[in-house]
Structures are given as structure tokens and as C-alpha cells.
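Have a look at query_34.cif; it's mmCIF, C-alpha atoms:
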data_input
#
loop_
_atom_site.label_atom_id
_atom_site.label_comp_id
_atom_site.auth_asym_id
_atom_site.auth_seq_id
_atom_site.Cartn_x
_atom_site.Cartn_y
_atom_site.Cartn_z
CA ASN A 1 152.01 161.16 134.04
CA ASP A 2 151.46 164.37 132.10
CA GLU A 3 148.89 167.04 131.31
CA TYR A 4 147.08 167.23 127.96
CA HIS A 5 144.23 169.16 126.43
CA THR A 6 141.26 166.89 125.82
CA TYR A 7 141.44 167.68 122.11
CA CYS A 8 145.18 166.83 121.96
CA LEU A 9 144.65 163.21 122.99
CA ASN A 10 144.43 160.40 120.45
CA PRO A 11 141.54 159.81 120.27
CA PRO A 12 140.36 163.20 121.64
CA LEU A 13 137.98 163.33 124.61
CA GLN A 14 134.66 165.20 124.61
CA CYS A 15 135.02 166.22 128.26
CA VAL A 16 137.39 165.90 131.23
CA PRO A 17 136.92 162.40 132.76
CA GLU A 18 136.26 161.90 136.44
CA GLY A 19 138.90 160.16 138.54
CA ASP A 20 142.15 158.73 137.20
CA PHE A 21 142.53 158.61 133.44
CA PHE A 22 145.06 156.49 131.50
CA CYS A 23 145.59 156.74 127.77
CA ASP A 24 145.66 153.54 125.73
CA LYS A 25 149.46 153.35 125.83
CA CYS A 26 149.64 153.71 129.62
CA LYS A 27 146.88 151.15 130.04
CA ARG A 28 148.98 148.62 128.16
CA ILE A 29 151.97 149.36 130.38
CA HIS A 30 149.90 148.79 133.53
CA ILE A 31 148.40 145.59 132.14
CA ALA A 32 151.80 144.26 131.07
CA LYS A 33 153.53 144.82 134.41
CA ASP A 34 152.39 141.47 135.84
CA ASP A 35 153.68 142.63 139.24
CA ASP A 36 157.26 141.69 138.30
CA GLY A 37 158.71 145.07 139.24
CA LEU A 38 159.91 145.82 135.70
CA ASP A 39 158.16 149.21 135.62
CA SER A 40 160.06 150.35 138.72
CA LEU A 41 163.35 149.06 137.35
CA VAL A 42 162.88 150.93 134.08
CA SER A 43 161.91 154.12 135.92
CA ALA A 44 165.22 154.00 137.80
CA LEU A 45 167.31 153.78 134.62
CA PRO A 46 169.19 156.87 133.36
CA PRO A 47 167.52 158.96 130.63
CA ALA A 48 170.41 158.20 128.29
CA TYR A 49 169.09 154.63 128.18
CA THR A 50 165.32 155.09 128.30
CA SER A 51 165.28 158.01 125.85
CA ARG A 52 166.02 155.56 123.03
CA PHE A 53 162.75 153.67 123.52
CA GLY A 54 160.79 153.89 120.30
CA GLU A 55 163.80 155.01 118.24
CA ILE A 56 163.95 153.63 114.70
CA VAL A 57 167.48 152.42 113.98
CA TRP A 58 169.62 150.12 111.87
CA ALA A 59 170.61 147.04 113.90
CA ALA A 60 173.34 144.50 113.19
CA GLY A 61 171.34 141.45 112.19
CA GLY A 62 174.18 138.99 111.72
CA VAL A 63 175.44 136.85 108.86
CA GLY A 64 173.16 136.97 105.84
CA PHE A 65 171.13 139.88 107.18
CA GLY A 66 173.56 142.77 107.68
CA TRP A 67 172.21 146.08 108.96
CA TRP A 68 168.44 145.67 109.27
CA PRO A 69 165.63 148.19 109.99
CA ALA A 70 164.63 147.86 113.63
CA CYS A 71 163.09 149.59 116.64
CA VAL A 72 164.44 150.06 120.17
CA TYR A 73 161.56 148.48 122.07
CA ASP A 74 160.16 149.62 125.40
CA PRO A 75 160.39 146.46 127.56
CA ARG A 76 157.34 147.52 129.57
CA LEU A 77 155.20 146.86 126.50
CA THR A 78 156.22 143.20 126.27
CA VAL A 79 155.16 139.97 127.91
CA GLY A 80 156.57 136.48 128.34
CA GLY A 81 159.98 135.62 126.93
CA ALA A 82 160.68 139.02 125.41
CA ARG A 83 159.96 140.66 128.76
CA GLN A 84 162.30 138.27 130.57
CA LEU A 85 165.05 138.82 128.01
CA ALA A 86 164.76 142.59 128.36
CA ARG A 87 164.74 142.39 132.17
CA LYS A 88 168.04 140.45 132.22
CA ASN A 89 169.71 143.11 130.08
CA LEU A 90 168.23 146.31 131.51
CA GLY A 91 170.68 149.18 131.43
CA LYS A 92 173.27 147.17 129.50
CA ARG A 93 171.71 146.28 126.16
CA HIS A 94 168.50 147.34 124.43
CA LEU A 95 165.60 145.12 123.45
CA ILE A 96 165.48 145.33 119.65
CA TYR A 97 162.56 144.50 117.35
CA PHE A 98 163.56 143.59 113.79
CA PHE A 99 160.89 144.55 111.28
CA GLU A 100 159.67 141.74 109.02
CA CYS A 101 161.58 139.06 110.95
CA ASN A 102 158.45 137.35 112.17
CA GLU A 103 160.10 134.10 113.25
CA ALA A 104 162.60 135.80 115.56
CA PRO A 105 161.80 139.50 115.88
CA PHE A 106 163.47 140.19 119.23
CA THR A 107 167.05 140.24 120.42
CA VAL A 108 169.19 142.42 122.70
CA LEU A 109 172.03 144.60 121.37
CA GLY A 110 174.45 147.16 122.76
CA ASP A 111 174.77 150.69 121.43
CA ASN A 112 177.79 149.68 119.33
CA ARG A 113 175.51 147.38 117.29
CA LEU A 114 173.03 150.15 116.51
CA THR A 115 173.29 152.92 113.92
CA LYS A 116 171.12 156.03 113.81
CA TRP A 117 168.45 155.93 111.10
CA GLU A 118 169.76 158.92 109.13
CA ASP A 119 173.37 157.74 109.33
CA GLY A 120 172.39 154.40 107.81
CA PHE A 121 171.34 156.13 104.61
CA ILE A 122 174.69 157.87 104.40
CA GLU A 123 176.35 154.44 104.72
CA GLU A 124 173.91 153.07 102.07
CA TYR A 125 172.44 150.44 104.41
CA ASP A 126 169.10 151.11 102.69
CA LEU A 127 170.41 149.30 99.60
CA GLY A 128 170.28 146.02 101.54
CA LYS A 129 173.41 144.61 99.91
CA VAL A 130 173.81 141.74 102.38
CA ALA A 131 170.11 140.87 102.33
CA LYS A 132 170.14 140.89 98.53
CA SER A 133 173.02 138.44 98.51
CA GLY A 134 170.88 136.12 100.65
CA GLY A 135 168.30 135.64 97.92
CA LYS A 136 165.13 137.15 96.52
CA ASN A 137 162.92 136.19 99.46
CA ARG A 138 165.18 137.76 102.07
CA PHE A 139 165.60 140.93 100.03
CA THR A 140 161.81 141.17 99.68
CA HIS A 141 161.54 141.02 103.49
CA PHE A 142 164.22 143.70 103.73
CA GLU A 143 162.31 145.99 101.35
CA ARG A 144 159.14 145.58 103.40
CA ALA A 145 161.06 146.13 106.62
CA LEU A 146 162.52 149.34 105.22
CA GLN A 147 159.12 150.70 104.25
CA VAL A 148 157.56 149.84 107.62
CA ALA A 149 160.50 151.45 109.42
CA GLN A 150 160.07 154.58 107.32
CA LEU A 151 156.40 154.68 108.25
CA GLU A 152 157.19 154.32 111.95
CA HIS A 153 160.00 156.88 111.77
CA GLY A 154 157.54 159.45 110.46
CA ARG A 155 155.09 158.96 113.33
CA PRO A 156 155.27 160.61 116.77
CA ILE A 157 157.45 158.48 119.01
CA GLU A 158 154.62 157.78 121.47
CA MET A 159 152.55 156.26 118.64
CA ARG A 160 155.21 154.03 117.15
CA MET A 161 154.61 150.27 117.04
CA ASP A 162 151.02 150.67 118.26
CA TRP A 163 149.95 147.92 115.86
CA ASN A 164 152.24 145.51 117.75
CA HIS A 165 150.89 146.43 121.19
CA GLN A 166 147.20 145.79 120.64
CA GLU A 167 145.07 142.66 120.52
CA VAL A 168 143.21 143.98 117.46
CA VAL A 169 145.64 145.36 114.91
CA PRO A 170 144.54 148.68 113.40
CA LEU A 171 145.63 149.63 109.93
CA PRO A 172 146.78 153.25 110.11
CA LYS A 173 147.01 155.23 106.93
CA ILE A 174 150.43 155.02 105.32
CA VAL A 175 151.81 158.19 103.79
CA LYS A 176 154.41 157.12 101.27
CA GLN A 177 157.77 158.59 102.17
CA LYS A 178 160.53 158.49 99.63
CA GLN A 179 163.18 159.29 102.23
CA PRO A 180 163.39 160.23 105.95
CA SER A 181 162.15 163.79 106.39
CA ASN A 182 165.13 165.15 108.32
CA LEU A 183 167.89 163.84 106.04
CA PRO A 184 169.45 166.02 103.33
CA LEU A 185 168.48 163.52 100.67
CA GLU A 186 168.88 165.76 97.65
CA GLN A 187 172.57 165.94 98.42
CA LEU A 188 172.71 162.21 99.15
CA GLN A 189 171.02 161.30 95.86
CA THR A 190 173.34 163.62 93.94
CA LYS A 191 176.28 161.82 95.49
CA ARG A 192 174.97 158.35 94.76
CA GLN A 193 173.36 159.26 91.40
CA LYS A 194 170.65 156.73 92.03
CA GLN A 195 167.73 156.02 94.26
CA SER A 196 167.54 152.95 96.45
CA PRO A 197 165.49 150.22 94.78
CA SER A 198 163.73 149.68 98.07
CA LEU A 199 162.45 153.25 98.02
CA LYS A 200 161.04 152.87 94.50
CA ARG A 201 158.98 149.87 95.47
CA SER A 202 155.24 150.45 95.73
CA THR A 203 153.42 148.55 98.45
CA SER A 204 149.84 149.02 99.60
CA SER A 205 149.32 149.98 103.23
CA THR A 206 146.91 147.14 103.90
CA SER A 207 149.11 144.35 102.56
CA LEU A 208 152.16 145.89 104.23
CA LEU A 209 150.77 145.95 107.74
CA GLN A 210 148.97 142.64 107.34
CA ASN A 211 152.31 141.04 106.56
CA ILE A 212 154.02 142.49 109.63
CA ALA A 213 151.13 142.00 112.03
CA ALA A 214 151.72 138.26 112.38
CA VAL A 215 153.74 138.82 115.57
CA ASN A 216 151.69 140.39 118.34
CA ARG A 217 151.36 140.05 122.09
CA LYS A 218 149.73 136.64 121.79
CA ASN A 219 152.69 134.90 120.19
CA LEU A 220 155.72 136.72 121.56
CA ASP A 221 156.68 133.64 123.59
CA ALA A 222 156.88 131.51 120.47
CA ALA A 223 158.87 134.14 118.66
CA ILE A 224 161.38 134.57 121.48
CA ASP A 225 162.05 130.81 121.61
CA SER A 226 163.88 131.05 118.30
CA LEU A 227 166.40 133.50 119.74
CA ASN A 228 168.58 130.59 120.87
CA ASN A 229 169.93 130.24 117.36
CA ARG A 230 170.63 133.94 116.85
CA GLY A 231 173.32 134.50 119.47
CA GLU A 232 175.28 137.73 119.46
CA ALA A 233 175.12 140.01 116.47
CA ASN A 234 177.98 139.51 114.05
CA ALA A 235 180.54 141.99 112.86
CA ILE A 236 179.96 144.20 109.85
CA GLU A 237 180.08 142.10 106.72
CA GLN A 238 182.26 142.71 103.71
CA LEU A 239 179.45 144.01 101.53
CA GLU A 240 178.80 146.77 104.06
CA ASP A 241 182.35 148.08 104.22
CA GLY A 242 182.71 151.83 103.87
CA ILE A 243 184.89 154.85 104.52
CA LEU A 244 186.84 154.78 107.79
CA VAL A 245 186.67 158.10 109.63
CA CYS A 246 189.31 158.55 112.33
CA LYS A 247 189.33 161.25 114.98
CA ILE A 248 192.98 161.95 115.88
CA LEU A 249 193.62 162.67 119.55
CA ARG A 250 196.77 163.41 121.51
CA ARG A 251 197.38 161.52 124.75
CA LEU A 252 197.60 163.49 127.96
CA PRO A 253 201.22 164.24 128.91
CA ALA A 254 202.80 162.09 131.61
CA GLY A 255 201.74 163.08 135.10
CA ARG A 256 198.30 164.39 134.10
CA GLU A 257 195.37 162.72 135.86
CA CYS A 258 193.05 160.57 133.80
CA ASN A 259 189.70 159.01 134.65
CA ALA A 260 190.48 155.39 135.53
CA ALA A 261 187.10 154.26 134.27
CA THR A 262 188.03 155.23 130.71
CA GLN A 263 191.49 153.64 130.83
CA GLY A 264 193.10 156.50 128.93
CA MET A 265 190.21 157.45 126.63
CA GLU A 266 190.34 161.12 127.74
CA PHE A 267 192.72 163.52 126.03
CA SER A 268 193.88 167.09 126.23
CA ASN A 269 193.24 168.12 122.63
CA ASN A 270 191.74 167.05 119.33
CA LEU A 271 194.22 167.18 116.44
CA GLY A 272 191.66 166.75 113.65
CA PHE A 273 190.40 163.85 111.55
CA VAL A 274 191.44 161.74 108.57
CA THR A 275 189.52 159.38 106.27
CA LEU A 276 190.54 156.12 104.61
CA PRO A 277 188.77 154.07 101.91
CA SER A 278 187.93 150.98 103.98
CA ARG A 279 186.89 150.34 107.57
CA GLN A 280 187.72 146.65 107.18
CA SER A 281 191.21 146.84 105.75
CA ALA A 282 192.76 150.14 106.89
CA THR A 283 195.90 149.39 108.93
CA PHE A 284 197.75 151.56 111.42
CA ALA A 285 200.45 152.07 108.79
CA ALA A 286 197.81 153.44 106.40
CA ILE A 287 196.44 155.70 109.13
CA ARG A 288 199.97 157.02 109.78
CA ARG A 289 200.34 157.91 106.10
CA ALA A 290 196.97 159.67 106.15
CA VAL A 291 197.84 161.60 109.31
CA GLU A 292 201.18 162.76 107.94
CA SER A 293 199.76 163.71 104.54
CA ASP A 294 196.38 165.19 105.51
CA LEU A 295 197.09 167.05 108.77
CA ASP A 296 199.05 170.27 108.87
CA ASP A 297 202.43 170.20 110.62
CA ASP A 298 201.22 172.57 113.32
CA MET A 299 198.38 170.17 114.18
CA LEU A 300 200.76 167.36 115.16
CA PRO A 301 202.73 167.10 118.43
CA PRO A 302 205.17 170.01 118.61
CA ILE A 303 208.30 167.82 118.69
CA GLY A 304 207.84 166.97 115.01
CA LYS A 305 205.45 164.88 112.99
CA LYS A 306 208.01 162.10 112.40
CA ARG A 307 208.39 161.36 116.10
CA TRP A 308 205.10 160.06 117.43
CA ARG A 309 203.55 156.66 118.00
CA PHE A 310 200.08 155.18 118.24
CA TYR A 311 198.86 154.54 121.76
CA VAL A 312 196.45 151.65 122.50
CA PRO A 313 194.42 152.05 125.73
CA LYS A 314 195.11 149.24 128.23
CA LEU A 315 198.10 148.04 126.13
CA GLY A 316 200.38 151.02 125.68
CA PRO A 317 202.55 152.40 122.86
CA MET A 318 202.70 150.64 119.49
CA SER A 319 206.02 150.26 117.68
CA VAL A 320 206.40 151.31 114.05
CA LYS A 321 207.14 147.68 113.17
CA GLN A 322 203.78 146.59 114.61
CA GLU A 323 201.77 149.09 112.56
CA GLY A 324 201.71 146.89 109.46
CA LYS A 325 201.46 143.55 111.28
CA LEU A 326 198.37 143.95 113.45
CA GLY A 327 195.89 143.89 110.56
CA ALA A 328 192.84 146.16 110.33
CA ALA A 329 193.04 148.94 112.91
CA LEU A 330 189.30 149.03 113.64
CA GLU A 331 189.07 145.29 114.25
CA PHE A 332 192.19 145.28 116.43
CA LEU A 333 191.10 148.20 118.61
CA LYS A 334 187.61 146.75 119.08
CA SER A 335 189.21 143.53 120.34
CA THR A 336 191.07 145.43 123.05
CA THR A 337 188.15 147.22 124.72
CA ASP A 338 184.37 147.34 125.02
CA ASP A 339 184.42 151.10 125.69
CA THR A 340 181.73 152.70 123.51
CA GLN A 341 183.85 155.88 123.31
CA LEU A 342 186.17 154.06 120.91
CA GLY A 343 183.78 154.61 117.98
CA ASP A 344 182.92 152.45 114.98
CA GLY A 345 184.64 154.38 112.20
CA THR A 346 181.52 156.05 110.75
CA ALA A 347 181.15 159.78 110.23
CA SER A 348 178.73 160.08 113.15
CA ASN A 349 180.89 157.96 115.49
CA PRO A 350 184.51 158.17 114.29
CA LEU A 351 187.19 155.76 115.45
CA LYS A 352 189.33 157.37 118.16
CA ILE A 353 193.03 157.13 117.23
CA ILE A 354 195.48 158.17 119.94
CA LEU A 355 198.93 159.63 119.30
CA MET A 356 201.63 160.00 121.94
CA ASP A 357 204.85 161.97 122.02
CA VAL A 358 208.09 159.99 121.85
#

Whole structure, C-alpha cells version:
Amino acid sequence: NDEYHTYCLNPPLQCVPEGDFFCDKCKRIHIAKDDDGLDSLVSALPPAYTSRFGEIVWAAGGVGFGWWPACVYDPRLTVGGARQLARKNLGKRHLIYFFECNEAPFTVLGDNRLTKWEDGFIEEYDLGKVAKSGGKNRFTHFERALQVAQLEHGRPIEMRMDWNHQEVVPLPKIVKQKQPSNLPLEQLQTKRQKQSPSLKRSTSSTSLLQNIAAVNRKNLDAAIDSLNNRGEANAIEQLEDGILVCKILRRLPAGRECNAATQGMEFSNNLGFVTLPSRQSATFAAIRRAVESDLDDDMLPPIGKKRWRFYVPKLGPMSVKQEGKLGAALEFLKSTTDDTQLGDGTASNPLKIILMDV
């Protein structure tokens, strides 16, 4: 519930209506409830979860798809199988709508399988390298998905995905956007020295939305049936490897209290950060070399930079001999915990690397 001027509504009202008034979006929520209590359950969720509804993101689409343009979907606007799937995962994982994946548009993913829209351009997800390797048809779908996601990203959040919520699909005017409005793209293009092929593509608004309008409220049940073959999202594929950004933290000294819920993921001070060329292949030994070469001596533990070890939450100290034997650091650490504070190695969510005094 909220207050609006009559002329601020979409569409605007000529006069103040008598009795209760619901906008088109709220009407759909009330119609979709089906007395299953979902509306009450969503209302009780923390804002950190519900505030992502309507957010345009990059979602891990699995083998052959890679990071794909998607939307964090409000479960109250769904029916049938999608609604049931969202209900089972409320508060734990988000209901995700993949643009241009008409056969199986919905799945559920945790925050660690989602990347902010602007950050995806920094990581060059907009180039669709994995989709391109899957063939011309898949890359064409990726290009369309990217353009639709750009359109939705430029709209007010309360208006996003309206074409997928209505029985009769409207065709809103598309304003061609070369890049997201709040990303420093001039700097990004200078760095890359090229423009994404998907952003050069010209597509008419009518054909674009007609292509994506095939999935609407009437056939969500059929679409959700195909989720059985999707399973969990897969790890980042080789073609989407990038720079590993590590945030270097020092473990709390012995005897200091630590939140048991984080299993040692709270620290007394931040020592700085280092970067390595590859998220997939960077080992702990490589991270040690980067720490010792890139950080100033006074940033490391005071007993001397040669006398420290890596600390793995829930497992303990790591020996120097193990540093080169455990494989990729990011993959190893992700296998030891599901704590989202660990990070994924990107600039916006760096991998937390813990040092301890010896």
C-alpha cells in the first residue's frame, strides 16, 4: 500500500476513485494468491531478500549457456509450477527468469550464482563466449536476451516484466540502449578496445517482444516441467575465466571471541587486496607470491612476512607443502563452505583469503 498522485499512476487517473483502489500490478498479485498463503510468507521475509525482486542480473545458466541475462522474479506474480518451486525455496534461493529461454525459463538460484548487471559487463559476460561456443542459434538467443534485459534494466523496477504478467501482451516502446546507463562504459570500451557484438545488433521492438512473449501466465506450468533436466547451476566455465581478486584478512588472535555462525569468517583487520590472472587456476602458492610481492611489509602480520600461513575456516591452518597441492584456491575454498561471505573472486565480491600468525 502506498500513496500516489492521480497523475503519477500508470495509467494516470482523472479523479480520485471511491473505495479501495488497486493498481494493475497489485491486482495481479491478489489474483495470483490462490489462497495458498504465499503473499503472507513473502511479506515476512527480510528486506535483504525481497529487495532483489525485479532486479536484472546475470545468472549461472549451466553447461553450454554460461552467464545468462535474467531477472529475479517476484514469486507472487507466478502461478502453477513456478509458484510451487518458488514457495519451496523462499528465503533460501531466488526464483530466476532466464530471458529468451522459452522452453525452461524458470529455476531457483542462490546469491552466489547471481552477478550484478553492471559487474557482468566488467567481466565481459555480455560477449556471450559460452553461448557462442554452443552454436549460432544459441548465440542468437543470447543476443536477444541481452537486448531484452537491457530494456528491462532501463525501466522502473515496478514496471519490469509487465509483458510477462498480463494475459494480453503489450508492446512497450523500446529505446535502444547501447550500454547500461549507470556503468562507466567509456572507460570500459577504452579498456576492451571494442564493442560487444551483441550491442551492435539492431532488432526491432515488435519482433523482439513477440519472440519473448511466448511464455506467459497461461503456459508457465508447461515451462516449469522442463526444469527436471536443468538441475543445479554449474560452475563457471573455462571460457568465462577472469581475474581473481583476493581480499587479504588477518585471523583474530587466539582468545578473541568470534561469531560461531560464521565459523571464523570475521576478522580484526583488512590487510589489503591482491589480483591474479585466473580465477580457475590460481593456487594458494600463487596467492602467497602475490601477497609477498604486492603488499607492503608493514601491511603483513608484525612478526614478519615470511612467517604466516593460510587459514581455512572449519579446517584450520594450511601447511606450506599443501599450498601447491590443493589445486585452484577458489574451487577448494568453495568446496569447504556455503558461506556467501567467502566471495567469488570478482572485483565486486572478492575472495576472502585468511592469514594467521605462526

If you apply the PyMOL selection byres ((chain A and resi 106) around 6) to this file, what residues do you get, as a list in words?
Ile96, Tyr97, Ala104, Pro105 and Thr107 of chain A

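One distance worth recording is that between atom CA of Asn349 of chain A and atom CA of Arg155 of chain A, which is 25.9 Å.
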
With the PyMOL selection byres ((chain A and resi 275-286) around 8) as the selection, what would be picked from this file? Answer as a list of chain:residue names, please.
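Answer for the PyMOL selection byres ((chain A and resi 275-286) around 8): A:Gln238, A:Asp241, A:Gly242, A:Ile243, A:Leu244, A:Val245, A:Cys246, A:Phe273, A:Val274, A:Ile287, A:Arg288, A:Arg289, A:Ala290, A:Val320, A:Glu323, A:Gly324, A:Leu326, A:Gly327, A:Ala328, A:Ala329, A:Leu330, A:Glu331, A:Gly345.
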
Counting all atoms listed in the file, which of A:Leu9, A:Ala347, A:Ala131, A:Leu90 gets nearest to Phe65 of chain A?
A:Ala131

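Between atom CA of Gly316 of chain A and atom CA of Gly343 of chain A the separation is 18.6 Å.
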
Could you work out how far atom CA of Arg309 of chain A lies from atom CA of Val291 of chain A, giving the answer in Å with one decimal?
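Spanning atom CA of Val291 of chain A to atom CA of Arg309 of chain A is a straight-line distance of 11.5 Å.
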
Assuming 5 Å of padding per side, give the centre and edge lengths of the axis-aligned box around every listed atom of segment 91-106 of chain A, in Å to one decimal and as lines of an AutoDock Vina configuration file.
center_x = 165.9
center_y = 141.6
center_z = 120.2
size_x = 24.8
size_y = 25.1
size_z = 32.4
